[in-house]
file entry-v1.cif (mmCIF, C-alpha atoms)
data_my_file
loop_
_atom_site.group_PDB
_atom_site.id
_atom_site.type_symbol
_atom_site.label_atom_id
_atom_site.label_comp_id
_atom_site.auth_asym_id
_atom_site.auth_seq_id
_atom_site.Cartn_x
_atom_site.Cartn_y
_atom_site.Cartn_z
ATOM 1 C CA MET A 1 -104.751 111.477 -100.797
ATOM 2 C CA LYS A 2 -105.942 114.728 -99.217
ATOM 3 C CA GLN A 3 -106.933 114.292 -95.615
ATOM 4 C CA LYS A 4 -108.662 116.894 -93.483
ATOM 5 C CA ARG A 5 -106.318 118.208 -90.845
ATOM 6 C CA PHE A 6 -108.955 119.116 -88.318
ATOM 7 C CA TRP A 7 -111.587 116.732 -87.053
ATOM 8 C CA VAL A 8 -113.575 115.812 -84.005
ATOM 9 C CA MET A 9 -114.101 112.211 -82.952
ATOM 10 C CA LEU A 10 -116.026 110.692 -80.095
ATOM 11 C CA LEU A 11 -115.053 107.093 -79.581
ATOM 12 C CA LEU A 12 -115.833 104.315 -77.148
ATOM 13 C CA VAL A 13 -113.379 101.448 -77.448
ATOM 14 C CA MET A 14 -112.053 98.515 -75.490
ATOM 15 C CA CYS A 15 -108.280 98.735 -75.222
ATOM 16 C CA LEU A 16 -105.831 95.986 -74.314
ATOM 17 C CA VAL A 17 -103.246 97.400 -71.950
ATOM 18 C CA GLN A 18 -99.734 96.031 -72.357
ATOM 19 C CA PRO A 19 -96.887 96.604 -69.890
ATOM 20 C CA ALA A 20 -94.736 99.564 -70.913
ATOM 21 C CA THR A 21 -91.144 98.925 -71.965
ATOM 22 C CA VAL A 22 -88.644 100.789 -69.804
ATOM 23 C CA TRP A 23 -85.567 101.925 -71.726
ATOM 24 C CA SER A 24 -83.437 103.038 -68.780
ATOM 25 C CA GLU A 25 -83.212 102.851 -64.996
ATOM 26 C CA GLU A 26 -83.674 106.614 -64.826
ATOM 27 C CA LEU A 27 -86.997 106.313 -66.622
ATOM 28 C CA GLU A 28 -88.144 103.874 -63.949
ATOM 29 C CA LYS A 29 -87.268 106.417 -61.287
ATOM 30 C CA SER A 30 -89.096 109.223 -63.047
ATOM 31 C CA ALA A 31 -92.172 107.035 -63.515
ATOM 32 C CA GLU A 32 -92.352 106.505 -59.767
ATOM 33 C CA VAL A 33 -93.034 110.215 -59.245
ATOM 34 C CA ALA A 34 -96.753 109.776 -59.908
ATOM 35 C CA THR A 35 -98.861 108.888 -56.883
ATOM 36 C CA SER A 36 -101.671 107.089 -58.710
ATOM 37 C CA PRO A 37 -102.311 105.159 -61.947
ATOM 38 C CA ALA A 38 -102.708 108.489 -63.799
ATOM 39 C CA ARG A 39 -99.134 108.482 -65.098
ATOM 40 C CA GLN A 40 -99.480 108.805 -68.855
ATOM 41 C CA GLU A 41 -101.127 112.164 -69.491
ATOM 42 C CA GLU A 42 -101.494 112.029 -73.275
ATOM 43 C CA CYS A 43 -104.883 110.992 -74.568
ATOM 44 C CA PRO A 44 -104.608 107.922 -76.818
ATOM 45 C CA GLY A 45 -104.726 108.704 -80.544
ATOM 46 C CA THR A 46 -107.304 107.086 -82.797
ATOM 47 C CA PHE A 47 -108.043 106.872 -86.482
ATOM 48 C CA GLY A 48 -110.083 104.830 -88.931
ATOM 49 C CA PRO A 49 -111.532 104.814 -92.429
ATOM 50 C CA ILE A 50 -111.346 108.049 -94.375
ATOM 51 C CA LEU A 51 -114.460 108.419 -96.508
ATOM 52 C CA THR A 52 -114.523 111.117 -99.191
ATOM 53 C CA ASP A 53 -116.727 112.090 -102.112
ATOM 54 C CA THR A 54 -114.116 110.749 -104.563
ATOM 55 C CA GLY A 55 -113.743 107.244 -103.183
ATOM 56 C CA ASP A 56 -113.008 105.200 -100.080
ATOM 57 C CA PHE A 57 -109.649 105.581 -98.399
ATOM 58 C CA TYR A 58 -108.404 103.454 -95.515
ATOM 59 C CA SER A 59 -105.298 103.825 -93.415
ATOM 60 C CA PHE A 60 -103.665 101.373 -91.027
ATOM 61 C CA GLY A 61 -100.785 102.643 -88.946
ATOM 62 C CA PHE A 62 -98.745 101.989 -85.861
ATOM 63 C CA ASP A 63 -96.099 103.952 -83.985
ATOM 64 C CA LEU A 64 -92.732 102.855 -82.622
ATOM 65 C CA GLN A 65 -91.997 104.945 -79.527
ATOM 66 C CA ILE A 66 -88.578 105.031 -77.869
ATOM 67 C CA THR A 67 -88.517 106.737 -74.478
ATOM 68 C CA TYR A 68 -85.565 107.862 -72.384
ATOM 69 C CA GLY A 69 -85.609 109.325 -68.882
ATOM 70 C CA ALA A 70 -82.976 112.044 -69.246
ATOM 71 C CA TRP A 71 -83.144 112.997 -65.581
ATOM 72 C CA GLU A 72 -85.720 113.290 -62.822
ATOM 73 C CA ASN A 73 -89.029 114.664 -64.142
ATOM 74 C CA LEU A 74 -87.709 115.036 -67.726
ATOM 75 C CA GLU A 75 -88.663 112.481 -70.363
ATOM 76 C CA VAL A 76 -87.519 112.478 -73.980
ATOM 77 C CA PHE A 77 -89.154 110.279 -76.568
ATOM 78 C CA THR A 78 -89.253 109.860 -80.307
ATOM 79 C CA VAL A 79 -92.171 108.431 -82.261
ATOM 80 C CA ILE A 80 -91.569 106.739 -85.613
ATOM 81 C CA PRO A 81 -94.915 106.270 -87.398
ATOM 82 C CA MET A 82 -95.526 103.671 -90.063
ATOM 83 C CA ALA A 83 -98.665 103.485 -92.195
ATOM 84 C CA VAL A 84 -100.281 101.603 -95.064
ATOM 85 C CA ASN A 85 -102.942 103.409 -97.124
ATOM 86 C CA TRP A 86 -105.554 101.893 -99.428
ATOM 87 C CA ALA A 87 -107.861 103.521 -101.951
ATOM 88 C CA SER A 88 -110.830 101.830 -103.580
ATOM 89 C CA SER A 89 -113.896 102.744 -105.647
ATOM 90 C CA VAL A 90 -112.183 105.953 -106.745
ATOM 91 C CA ASN A 91 -114.363 108.032 -109.078
ATOM 92 C CA GLU A 92 -111.450 109.405 -111.079
ATOM 93 C CA PRO A 93 -109.070 106.568 -112.086
ATOM 94 C CA GLY A 94 -105.315 107.010 -112.398
ATOM 95 C CA PRO A 95 -103.410 107.281 -115.707
ATOM 96 C CA SER A 96 -103.413 103.493 -116.063
ATOM 97 C CA GLY A 97 -107.167 103.259 -115.426
ATOM 98 C CA ASP A 98 -106.892 101.769 -111.938
ATOM 99 C CA ARG A 99 -109.530 102.699 -109.391
ATOM 100 C CA SER A 100 -107.704 101.151 -106.433
ATOM 101 C CA ALA A 101 -104.177 101.400 -105.062
ATOM 102 C CA SER A 102 -102.129 100.978 -101.907
ATOM 103 C CA TYR A 103 -98.882 102.328 -100.502
ATOM 104 C CA GLY A 104 -96.967 102.020 -97.235
ATOM 105 C CA GLY A 105 -93.985 103.587 -95.533
ATOM 106 C CA PHE A 106 -92.808 105.897 -92.770
ATOM 107 C CA GLY A 107 -94.601 109.055 -91.721
ATOM 108 C CA ASP A 108 -93.285 112.196 -90.035
ATOM 109 C CA VAL A 109 -90.977 111.412 -87.108
ATOM 110 C CA ASN A 110 -91.722 113.198 -83.838
ATOM 111 C CA LEU A 111 -89.289 114.200 -81.073
ATOM 112 C CA THR A 112 -90.829 115.315 -77.759
ATOM 113 C CA PHE A 113 -89.480 116.675 -74.486
ATOM 114 C CA LYS A 114 -91.878 116.312 -71.548
ATOM 115 C CA TYR A 115 -91.255 117.804 -68.107
ATOM 116 C CA LEU A 116 -93.315 117.003 -65.032
ATOM 117 C CA LEU A 117 -94.430 120.298 -63.465
ATOM 118 C CA LEU A 118 -96.742 119.043 -60.749
ATOM 119 C CA ASN A 119 -97.281 115.726 -59.038
ATOM 120 C CA GLU A 120 -100.833 114.540 -58.596
ATOM 121 C CA GLY A 121 -102.245 115.435 -55.190
ATOM 122 C CA PRO A 122 -105.507 114.895 -53.328
ATOM 123 C CA LEU A 123 -107.166 117.625 -55.410
ATOM 124 C CA ALA A 124 -104.623 118.733 -58.019
ATOM 125 C CA PRO A 125 -104.040 116.731 -61.213
ATOM 126 C CA ALA A 126 -100.626 115.672 -62.452
ATOM 127 C CA MET A 127 -99.368 118.318 -64.896
ATOM 128 C CA SER A 128 -96.577 118.210 -67.449
ATOM 129 C CA ALA A 129 -95.342 120.579 -70.154
ATOM 130 C CA ILE A 130 -94.249 119.413 -73.580
ATOM 131 C CA PHE A 131 -92.232 120.771 -76.472
ATOM 132 C CA ALA A 132 -92.326 118.676 -79.621
ATOM 133 C CA THR A 133 -91.106 118.810 -83.211
ATOM 134 C CA ASP A 134 -92.446 116.843 -86.162
ATOM 135 C CA PHE A 135 -89.866 116.313 -88.921
ATOM 136 C CA PRO A 136 -91.014 116.018 -92.577
ATOM 137 C CA THR A 137 -89.685 112.486 -93.080
ATOM 138 C CA GLY A 138 -92.872 111.089 -94.657
ATOM 139 C CA HIS A 139 -93.344 111.060 -98.412
ATOM 140 C CA TYR A 140 -95.218 114.223 -99.434
ATOM 141 C CA LYS A 141 -94.052 115.331 -102.908
ATOM 142 C CA ARG A 142 -93.284 113.809 -106.303
ATOM 143 C CA LEU A 143 -96.400 111.716 -105.798
ATOM 144 C CA ASN A 144 -97.166 109.011 -108.346
ATOM 145 C CA PRO A 145 -100.648 109.562 -109.848
ATOM 146 C CA ASN A 146 -101.039 105.794 -110.262
ATOM 147 C CA ASN A 147 -101.047 105.511 -106.460
ATOM 148 C CA LEU A 148 -104.223 107.645 -106.281
ATOM 149 C CA GLY A 149 -102.861 109.699 -103.404
ATOM 150 C CA THR A 150 -102.080 106.746 -101.143
ATOM 151 C CA ASP A 151 -98.348 107.574 -101.266
ATOM 152 C CA GLU A 152 -98.855 110.830 -99.344
ATOM 153 C CA LEU A 153 -97.581 109.788 -95.925
ATOM 154 C CA GLY A 154 -96.192 113.051 -94.556
ATOM 155 C CA GLY A 155 -97.283 116.630 -94.034
ATOM 156 C CA GLY A 156 -94.247 118.251 -95.660
ATOM 157 C CA SER A 157 -93.445 120.770 -92.925
ATOM 158 C CA PHE A 158 -91.698 120.975 -89.608
ATOM 159 C CA VAL A 159 -94.343 121.317 -86.884
ATOM 160 C CA PHE A 160 -93.392 122.880 -83.553
ATOM 161 C CA THR A 161 -95.798 122.130 -80.704
ATOM 162 C CA THR A 162 -95.962 123.262 -77.105
ATOM 163 C CA GLY A 163 -98.626 122.647 -74.503
ATOM 164 C CA LEU A 164 -99.796 121.010 -71.299
ATOM 165 C CA ASN A 165 -100.915 117.524 -70.257
ATOM 166 C CA LEU A 166 -103.211 116.894 -67.297
ATOM 167 C CA ALA A 167 -104.162 113.626 -65.614
ATOM 168 C CA LYS A 168 -106.263 112.836 -62.539
ATOM 169 C CA TRP A 169 -107.262 109.570 -60.911
ATOM 170 C CA ILE A 170 -110.718 109.762 -59.345
ATOM 171 C CA LYS A 171 -111.385 106.179 -58.351
ATOM 172 C CA PRO A 172 -112.250 104.174 -60.369
ATOM 173 C CA PHE A 173 -111.752 106.518 -63.375
ATOM 174 C CA ILE A 174 -108.648 108.114 -64.863
ATOM 175 C CA PHE A 175 -109.217 111.421 -66.640
ATOM 176 C CA TYR A 176 -106.870 113.005 -69.190
ATOM 177 C CA GLY A 177 -106.647 116.379 -70.870
ATOM 178 C CA ASN A 178 -104.277 117.893 -73.444
ATOM 179 C CA LEU A 179 -103.979 121.470 -74.679
ATOM 180 C CA TYR A 180 -101.459 122.052 -77.496
ATOM 181 C CA TYR A 181 -100.546 124.888 -79.855
ATOM 182 C CA SER A 182 -98.850 123.778 -83.089
ATOM 183 C CA MET A 183 -96.980 125.889 -85.651
ATOM 184 C CA PRO A 184 -96.208 124.264 -89.029
ATOM 185 C CA THR A 185 -93.552 125.808 -91.283
ATOM 186 C CA SER A 186 -94.020 126.679 -94.947
ATOM 187 C CA PHE A 187 -93.029 124.047 -97.507
ATOM 188 C CA THR A 188 -93.208 123.256 -101.211
ATOM 189 C CA ASN A 189 -94.951 120.217 -102.667
ATOM 190 C CA ASP A 190 -96.284 119.216 -106.085
ATOM 191 C CA ASP A 191 -98.887 121.986 -105.880
ATOM 192 C CA GLY A 192 -96.313 124.698 -105.146
ATOM 193 C CA LYS A 193 -95.564 126.630 -101.984
ATOM 194 C CA GLN A 194 -97.807 125.842 -99.022
ATOM 195 C CA GLU A 195 -98.278 127.919 -95.888
ATOM 196 C CA PRO A 196 -100.233 125.765 -93.436
ATOM 197 C CA ARG A 197 -102.003 127.541 -90.595
ATOM 198 C CA ASP A 198 -101.335 127.071 -86.912
ATOM 199 C CA PHE A 199 -103.789 124.962 -84.960
ATOM 200 C CA VAL A 200 -104.906 124.371 -81.390
ATOM 201 C CA THR A 201 -105.529 120.813 -80.191
ATOM 202 C CA VAL A 202 -107.765 119.901 -77.247
ATOM 203 C CA ASN A 203 -108.117 116.260 -76.185
ATOM 204 C CA LEU A 204 -110.216 114.819 -73.359
ATOM 205 C CA ALA A 205 -110.420 111.180 -72.302
ATOM 206 C CA ALA A 206 -111.639 108.958 -69.488
ATOM 207 C CA GLU A 207 -110.613 105.388 -68.707
ATOM 208 C CA TYR A 208 -112.422 102.767 -66.669
ATOM 209 C CA PRO A 209 -110.470 99.619 -65.721
ATOM 210 C CA ILE A 210 -112.530 96.486 -66.265
ATOM 211 C CA THR A 211 -109.845 93.899 -65.538
ATOM 212 C CA GLU A 212 -106.070 94.010 -65.105
ATOM 213 C CA LYS A 213 -105.646 93.926 -68.895
ATOM 214 C CA TRP A 214 -108.805 95.539 -70.245
ATOM 215 C CA ILE A 215 -110.134 99.071 -69.971
ATOM 216 C CA ALA A 216 -113.040 101.033 -71.418
ATOM 217 C CA LEU A 217 -111.974 104.301 -73.030
ATOM 218 C CA LEU A 218 -114.101 107.313 -73.899
ATOM 219 C CA GLU A 219 -112.207 109.894 -75.947
ATOM 220 C CA LEU A 220 -112.881 113.293 -77.495
ATOM 221 C CA THR A 221 -110.234 114.761 -79.800
ATOM 222 C CA SER A 222 -110.484 118.107 -81.558
ATOM 223 C CA ALA A 223 -108.416 120.774 -83.314
ATOM 224 C CA TRP A 224 -109.121 124.314 -84.484
ATOM 225 C CA ASP A 225 -107.540 126.581 -87.054
ATOM 226 C CA ALA A 226 -105.609 129.356 -85.292
ATOM 227 C CA GLY A 227 -104.299 131.390 -88.245
ATOM 228 C CA ARG A 228 -100.554 132.066 -88.343
ATOM 229 C CA LEU A 229 -98.667 133.425 -85.344
ATOM 230 C CA PHE A 230 -95.582 134.170 -87.443
#
call {"tool": "encode", "arguments": {"input": "entry-v1.cif", "output": "structure tokens"}}
result
Amino acid sequence: MKQKRFWVMLLLVMCLVQPATVWSEELEKSAEVATSPARQEECPGTFGPILTDTGDFYSFGFDLQITYGAWENLEVFTVIPMAVNWASSVNEPGPSGDRSASYGGFGDVNLTFKYLLLNEGPLAPAMSAIFATDFPTGHYKRLNPNNLGTDELGGGSFVFTTGLNLAKWIKPFIFYGNLYYSMPTSFTNDDGKQEPRDFVTVNLAAEYPITEKWIALLELTSAWDAGRLF
């Protein structure tokens, strides 16, 4: 299943906020650095149905995140994604004649280092720098044509990302911003050698707390082709 890498989405959702799991006492100390509710600077990720001119493709996924506070202001976390893909009403059936299929498994594992550069102040937002690596652990080659592309769960390359996170609490709203530059490595899949292009990601979001457990979220996510730096 070929998915477009770059997309823009404007989404208004109601999100249920669950208490975060703290994996170490040091993480609790580092979390106390923030002076307002604007502690998590990453904009929430979203996804939904993937509609193409060859059929309808749906993806359901969730991430397992394990976070460790290495020392004050430095946070290390790994994200293990899991996904289930479905295809239906496919125009070109597989070798067995099926026009629908499904497949599930692990995606590309991410390891991120995040360092707090600036605490939130009366005017200044909280600012942190990140360096992240995506590992090609998801299935991306030797695809089974009977699965109609649903077994493509990974990108196939290592992706090195660096950038900044910003967060600011302006009562009663919390605003977020991300600016990332990502560099994928070359790889080989069933179609031969691939040289994916670098891309720049810009995310903006705003939260409004409705109750202690419910918030309204307005999110804009975007990415642009940046050629190849190396």
call {"tool": "atom_distance", "arguments": {"input": "entry-v1.cif", "atom1": "atom CA of A:Phe135", "atom2": "atom CA of A:Asn203"}}
result
22.3 Å
call {"tool": "residues_around", "arguments": {"input": "entry-v1.cif", "residues": "A:Gly177", "least_positions_apart": "4", "cutoff": "7 Å", "atoms": "all atoms listed in the file", "output": "list in words"}}
result
Cys43, Asn165, Leu166, Ala167, Asn203, Leu204 and Ala205 of chain A
call {"tool": "resolve_selection", "arguments": {"input": "entry-v1.cif", "expression": "the PyMOL selection byres ((chain A and resi 82-94) around 7)", "output": "compact mmCIF listing (two decimals) with C-alpha atoms, in the frame of the given file"}}
result
# COMPACT_ATOMS: atom_id res chain seq x y z
CA THR A 54 -114.12 110.75 -104.56
CA GLY A 55 -113.74 107.24 -103.18
CA ASP A 56 -113.01 105.20 -100.08
CA PHE A 57 -109.65 105.58 -98.40
CA TYR A 58 -108.40 103.45 -95.52
CA SER A 59 -105.30 103.82 -93.42
CA PHE A 60 -103.66 101.37 -91.03
CA GLY A 61 -100.78 102.64 -88.95
CA PHE A 62 -98.74 101.99 -85.86
CA ASP A 63 -96.10 103.95 -83.98
CA ILE A 80 -91.57 106.74 -85.61
CA PRO A 81 -94.92 106.27 -87.40
CA PRO A 95 -103.41 107.28 -115.71
CA SER A 96 -103.41 103.49 -116.06
CA GLY A 97 -107.17 103.26 -115.43
CA ASP A 98 -106.89 101.77 -111.94
CA ARG A 99 -109.53 102.70 -109.39
CA SER A 100 -107.70 101.15 -106.43
CA ALA A 101 -104.18 101.40 -105.06
CA SER A 102 -102.13 100.98 -101.91
CA TYR A 103 -98.88 102.33 -100.50
CA GLY A 104 -96.97 102.02 -97.24
CA GLY A 105 -93.98 103.59 -95.53
CA PHE A 106 -92.81 105.90 -92.77
CA GLY A 107 -94.60 109.06 -91.72
CA PRO A 145 -100.65 109.56 -109.85
CA ASN A 146 -101.04 105.79 -110.26
CA LEU A 148 -104.22 107.64 -106.28
CA THR A 150 -102.08 106.75 -101.14
call {"tool": "atom_distance", "arguments": {"input": "entry-v1.cif", "atom1": "atom CA of A:Gly163", "atom2": "atom CA of A:Ala223"}}
result
13.3 Å
call {"tool": "closest_residue", "arguments": {"input": "entry-v1.cif", "among": "A:Phe158, A:Tyr180, A:Trp169, A:Tyr68", "to": "A:Phe113", "atoms": "all atoms listed in the file"}}
result
A:Tyr68
call {"tool": "atom_distance", "arguments": {"input": "entry-v1.cif", "atom1": "atom CA of A:Leu116", "atom2": "atom CA of A:Leu164"}}
result
9.9 Å
call {"tool": "closest_residue", "arguments": {"input": "entry-v1.cif", "among": "A:Val109, A:Tyr176, A:Lys171, A:Lys114", "to": "A:Ala70", "atoms": "all atoms listed in the file"}}
result
A:Lys114
call {"tool": "residues_around", "arguments": {"input": "entry-v1.cif", "residues": "A:Val202", "least_positions_apart": "5", "cutoff": "6 Å", "atoms": "only C-alpha atoms", "output": "JSON, numbers by chain"}}
result
{"A": [178, 179, 222]}
